[in-house]
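Student: My structure is stored as target-v2.tsv, with TSV, C-alpha atoms.
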```tsv
chain	number	residue	atom	x	y	z
A	247	MET	CA	87.01	-61.71	48.64
A	248	PHE	CA	88.60	-65.13	48.39
A	249	ASP	CA	85.18	-66.74	48.99
A	250	VAL	CA	83.66	-64.86	46.08
A	251	ILE	CA	86.48	-65.78	43.70
A	252	SER	CA	86.40	-69.44	44.70
A	253	LEU	CA	82.60	-69.49	44.23
A	254	MET	CA	83.02	-68.02	40.75
A	255	LEU	CA	85.62	-70.63	39.83
A	256	ARG	CA	83.46	-73.48	41.12
A	257	THR	CA	80.28	-72.26	39.44
A	258	GLY	CA	81.68	-71.45	36.01
A	259	ILE	CA	80.03	-69.35	33.32
A	260	LEU	CA	76.27	-69.04	33.73
A	261	THR	CA	75.39	-66.84	30.79
A	262	GLU	CA	73.25	-68.16	27.97
A	263	ARG	CA	74.53	-68.82	24.50
A	264	LEU	CA	73.54	-66.38	21.80
A	265	PRO	CA	70.28	-67.42	20.15
A	266	ALA	CA	70.68	-68.88	16.69
A	267	ARG	CA	69.54	-66.57	13.95
A	268	SER	CA	66.32	-67.70	12.40
A	269	PRO	CA	66.42	-68.44	8.67
A	270	GLU	CA	63.80	-65.78	7.92
A	271	SER	CA	65.78	-63.00	9.62
A	272	PRO	CA	67.90	-61.17	7.05
A	273	PRO	CA	71.64	-60.85	7.64
A	274	LEU	CA	72.87	-57.46	8.76
A	275	GLU	CA	74.53	-56.68	5.45
A	276	SER	CA	71.30	-57.15	3.50
A	277	VAL	CA	69.45	-54.92	5.98
A	278	GLN	CA	72.02	-52.19	5.45
A	279	GLU	CA	71.81	-52.56	1.67
A	280	ASP	CA	68.00	-52.46	1.74
A	281	ILE	CA	67.96	-49.28	3.81
A	282	ARG	CA	70.50	-47.58	1.55
A	283	ARG	CA	68.64	-48.72	-1.59
A	284	ILE	CA	65.27	-47.54	-0.28
A	285	LEU	CA	66.24	-44.28	1.39
A	286	GLY	CA	69.72	-43.57	0.10
A	287	ARG	CA	70.79	-42.77	3.67
A	288	ALA	CA	70.25	-43.79	7.29
A	289	LEU	CA	66.75	-44.43	8.61
A	290	CYS	CA	65.83	-41.99	11.38
A	291	ILE	CA	63.17	-42.99	13.91
A	292	ARG	CA	61.36	-40.78	16.39
A	293	HIS	CA	60.03	-42.82	19.31
A	294	VAL	CA	57.09	-41.62	21.41
A	295	ASP	CA	56.04	-43.37	24.60
A	296	ALA	CA	52.34	-42.54	24.72
A	297	GLY	CA	51.74	-44.11	28.13
A	298	SER	CA	53.17	-47.63	28.12
A	299	CYS	CA	54.44	-49.86	30.93
A	300	ASN	CA	58.01	-49.63	29.50
A	301	GLY	CA	58.07	-53.26	28.36
A	302	CYS	CA	58.27	-52.25	24.71
A	303	GLU	CA	60.89	-49.61	25.52
A	304	LEU	CA	63.14	-52.29	27.01
A	305	GLU	CA	62.89	-54.25	23.77
A	306	LEU	CA	63.63	-51.10	21.76
A	307	GLN	CA	66.72	-50.52	23.89
A	308	ALA	CA	67.79	-54.10	23.14
A	309	LEU	CA	67.91	-53.13	19.47
A	310	ASN	CA	70.80	-50.79	20.33
A	311	ASN	CA	72.91	-53.51	21.97
A	312	PRO	CA	75.85	-55.12	20.13
A	313	TYR	CA	73.84	-58.22	19.19
A	314	TYR	CA	71.26	-56.37	17.07
A	315	ASN	CA	73.51	-53.36	16.35
A	316	LEU	CA	70.80	-51.08	15.02
A	317	GLU	CA	73.19	-48.18	14.47
A	318	GLY	CA	75.47	-50.45	12.47
A	319	ALA	CA	72.53	-51.31	10.23
A	320	GLY	CA	71.98	-47.63	9.44
A	321	ILE	CA	68.97	-47.10	11.72
A	322	LYS	CA	69.06	-44.51	14.48
A	323	PHE	CA	66.72	-42.84	16.94
A	324	VAL	CA	66.48	-39.06	16.71
A	325	ALA	CA	65.28	-36.47	19.20
A	326	SER	CA	63.47	-34.20	16.76
A	327	PRO	CA	60.43	-35.30	14.78
A	328	ARG	CA	61.55	-32.95	12.00
A	329	HIS	CA	64.52	-35.24	11.35
A	330	ALA	CA	62.51	-38.48	11.45
A	331	ASP	CA	61.48	-40.79	8.65
A	332	VAL	CA	59.36	-43.02	10.91
A	333	LEU	CA	57.26	-42.38	14.02
A	334	LEU	CA	57.37	-45.34	16.41
A	335	VAL	CA	54.69	-45.22	19.12
A	336	THR	CA	54.49	-47.51	22.14
A	337	GLY	CA	51.68	-47.89	24.63
A	338	PRO	CA	48.07	-46.80	24.65
A	339	VAL	CA	47.61	-43.09	24.12
A	340	SER	CA	46.97	-41.53	27.50
A	341	ALA	CA	44.78	-38.46	27.73
A	342	ASN	CA	47.82	-36.38	28.69
A	343	MET	CA	49.85	-37.56	25.67
A	344	GLU	CA	47.15	-37.15	23.01
A	345	GLU	CA	48.02	-33.58	22.06
A	346	ALA	CA	51.79	-34.24	22.17
A	347	LEU	CA	51.38	-37.24	19.87
A	348	LYS	CA	49.29	-35.22	17.39
A	349	ARG	CA	51.91	-32.44	17.37
A	350	THR	CA	54.73	-34.92	16.86
A	351	TYR	CA	52.83	-36.52	13.99
A	352	GLY	CA	52.28	-33.08	12.45
A	353	ALA	CA	55.99	-32.24	12.69
A	354	ILE	CA	57.18	-35.35	10.84
A	355	PRO	CA	57.92	-34.61	7.17
A	356	ASP	CA	55.95	-36.34	4.42
A	357	PRO	CA	55.59	-39.21	3.68
A	358	LYS	CA	54.53	-39.97	7.23
A	359	VAL	CA	55.10	-43.56	8.38
A	360	VAL	CA	53.66	-44.51	11.76
A	361	ILE	CA	54.30	-47.81	13.51
A	362	ALA	CA	52.38	-48.88	16.63
A	363	VAL	CA	54.45	-51.24	18.76
A	364	GLY	CA	52.97	-53.77	21.16
A	365	ASP	CA	49.46	-54.85	22.00
A	366	CYS	CA	48.79	-51.60	23.83
A	367	GLY	CA	49.65	-49.55	20.75
A	368	ALA	CA	47.60	-51.88	18.56
A	369	CYS	CA	44.34	-52.02	20.53
A	370	GLY	CA	44.86	-50.36	23.90
A	371	GLY	CA	45.94	-53.63	25.52
A	372	ILE	CA	44.92	-54.14	29.13
A	373	PHE	CA	44.33	-50.40	29.46
A	374	GLY	CA	41.67	-50.14	26.74
A	375	LYS	CA	39.67	-46.94	26.56
A	376	SER	CA	38.82	-45.05	29.70
A	377	TYR	CA	38.77	-41.55	31.11
A	378	ALA	CA	42.60	-41.65	31.22
A	379	SER	CA	43.30	-43.56	28.00
A	380	ARG	CA	42.30	-42.84	24.41
A	381	GLY	CA	42.99	-46.47	23.46
A	382	SER	CA	45.07	-47.52	20.49
A	383	VAL	CA	47.38	-45.26	18.52
A	384	ALA	CA	45.09	-45.63	15.46
A	385	ASP	CA	42.32	-43.93	17.43
A	386	VAL	CA	44.43	-40.75	17.55
A	387	ILE	CA	46.64	-40.72	14.41
A	388	PRO	CA	46.81	-42.86	11.23
A	389	VAL	CA	48.90	-46.02	11.66
A	390	HIS	CA	50.64	-47.82	8.78
A	391	ARG	CA	52.00	-50.88	10.58
A	392	VAL	CA	51.25	-52.65	13.85
A	393	ILE	CA	53.82	-54.87	15.55
A	394	PRO	CA	51.89	-57.16	17.91
A	395	GLY	CA	53.24	-58.68	21.11
A	396	CYS	CA	53.44	-57.88	24.78
A	397	PRO	CA	56.22	-56.88	24.36
A	398	PRO	CA	57.31	-57.86	20.86
A	399	GLU	CA	60.78	-59.33	20.45
A	400	PRO	CA	63.49	-56.99	19.10
A	401	ALA	CA	63.79	-59.05	15.90
A	402	LYS	CA	60.04	-58.65	15.25
A	403	ILE	CA	60.29	-54.91	15.88
A	404	LEU	CA	63.16	-54.63	13.40
A	405	ALA	CA	61.30	-56.71	10.81
A	406	GLY	CA	58.18	-54.55	11.30
A	407	ILE	CA	60.17	-51.35	10.82
A	408	LEU	CA	61.71	-52.65	7.61
A	409	ASP	CA	58.33	-53.88	6.30
A	410	ALA	CA	56.74	-50.49	6.99
A	411	VAL	CA	59.53	-48.62	5.23
A	412	VAL	CA	59.46	-50.93	2.21
A	413	SER	CA	55.67	-50.69	1.88
A	414	ALA	CA	55.75	-46.90	2.32
A	415	GLN	CA	58.44	-46.67	-0.36
A	416	GLY	CA	56.31	-48.80	-2.69
A	417	GLN	CA	53.28	-46.58	-2.13
A	418	ALA	CA	55.37	-43.46	-2.72
A	419	SER	CA	56.70	-44.83	-6.01
A	420	LYS	CA	53.12	-45.69	-7.12
A	421	ARG	CA	52.05	-42.10	-6.33
A	422	ASP	CA	54.99	-40.75	-8.31
A	423	LYS	CA	54.10	-42.91	-11.33
A	424	ALA	CA	50.47	-41.78	-11.13
A	425	LYS	CA	51.51	-38.11	-11.06
A	426	ARG	CA	53.76	-38.59	-14.10
A	427	SER	CA	50.96	-40.25	-16.10
```
Spit out the file's structure as structure tokens when you get a sec.

Tutor:
Amino acid sequence: MFDVISLMLRTGILTERLPARSPESPPLESVQEDIRRILGRALCIRHVDAGSCNGCELELQALNNPYYNLEGAGIKFVASPRHADVLLVTGPVSANMEEALKRTYGAIPDPKVVIAVGDCGACGGIFGKSYASRGSVADVIPVHRVIPGCPPEPAKILAGILDAVVSAQGQASKRDKAKRS
């Protein structure tokens, strides 16, 4: 025990410093205000792993850590697609997940916003199309936003989610104006 403690004292702290926030990343307060302004409440996300390698899932989990504090920003993951505002899909769609993904998409209330995360969700990635894989998410259900990367960084995922919600809100307001005219 003494050897371990003395080694720790000699070595010092080995953890990395927090990365500096990039100038283009919005501060947490503005993210919260944008979500409340757009939706009037918290943003609920249903995540579906359609057959990925879990790289993107690790980055999604990082969004829940204290550094990104997704819950503090008013964004949360939900278990039921009926409570979701956004469907977040990772990985290529495997043959076994095709029907489950279609049912989940059907259960999400309108307006449906679908985000494909990672290169596998965007184009099938290294898996492509085969007897076991249907390829990209867009080959199975309509996709509104693609977040590229293998895996994409948590900040890029968060920015992609916010962009998709803002663009979906803009399209919904255009539809409402057209109906009123």

Student: So that I can check the surroundings of segment 294-309 of chain A, please list as a ChimeraX atom specification every protein, DNA and RNA residue that reaches within 8 Å of it, counting all atoms listed in the file and ignoring chain neighbours fewer than 3 positions away.

Tutor: /A:313-316,333-340,343-344,347,363-364,366,396-400,403-404

Student: Counting all atoms listed in the file, find residues at most 9 Å from (44.0, -55.0, 16.2) (file frame) and give them as a short mmCIF file (atom, residue, chain, number, x, y, z; two decimals) with C-alpha atoms, keeping the file's coordinate frame.

Tutor:
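Output below, filename result32.cif:
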```cif
data_model
loop_
_atom_site.label_atom_id
_atom_site.label_comp_id
_atom_site.auth_asym_id
_atom_site.auth_seq_id
_atom_site.Cartn_x
_atom_site.Cartn_y
_atom_site.Cartn_z
CA ASP A 365 49.46 -54.85 22.00
CA ALA A 368 47.60 -51.88 18.56
CA CYS A 369 44.34 -52.02 20.53
CA SER A 382 45.07 -47.52 20.49
CA VAL A 392 51.25 -52.65 13.85
CA PRO A 394 51.89 -57.16 17.91
#
```

Student: Just want the 7 Å neighbourhood of Ala353 of chain A, counted on all atoms listed in the file, with same-chain residues fewer than 4 positions away dropped. Output as a PyMOL selection string.

Tutor: chain A and resi 327-328+349

Student: Please provide the set of residues having any atom within 9 Å of Tyr377 of chain A, restricted to all atoms listed in the file, with same-chain residues fewer than 2 positions apart removed, written as number ranges by chain.

Tutor: A: 340-341, 375, 379-380

Student: Taking 5 positions as the minimum chain separation for residues in the same chain, which residues sit within 9 Å of segment 323-326 of chain A when counting all atoms listed in the file? Answer as an NGL selection string.

Tutor: :A and (289-293 or 317 or 350 or 353-354)

Student: Pick out the residues sitting within 10 Å of Ala410 of chain A, and hand them over as a list in words; count only C-alpha atoms, and ignore anything fewer than 6 positions along from it in its own chain.

Tutor: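 Near neighbours after the sequence-gap exclusion: Val332, Val359, Val360, Ile361, His390, Arg391, Val392, Leu404 and Gly416 of chain A.
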
Student: Give the answer as one residue: which of A:Gly367, A:Pro357, A:Ala319, A:Ile393 has the shortest atom-to-atom distance to Ile407 of chain A, using all atoms listed in the file?

Tutor: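 Residue with the minimum atom-to-atom distance to Ile407 of chain A: A:Ile393.
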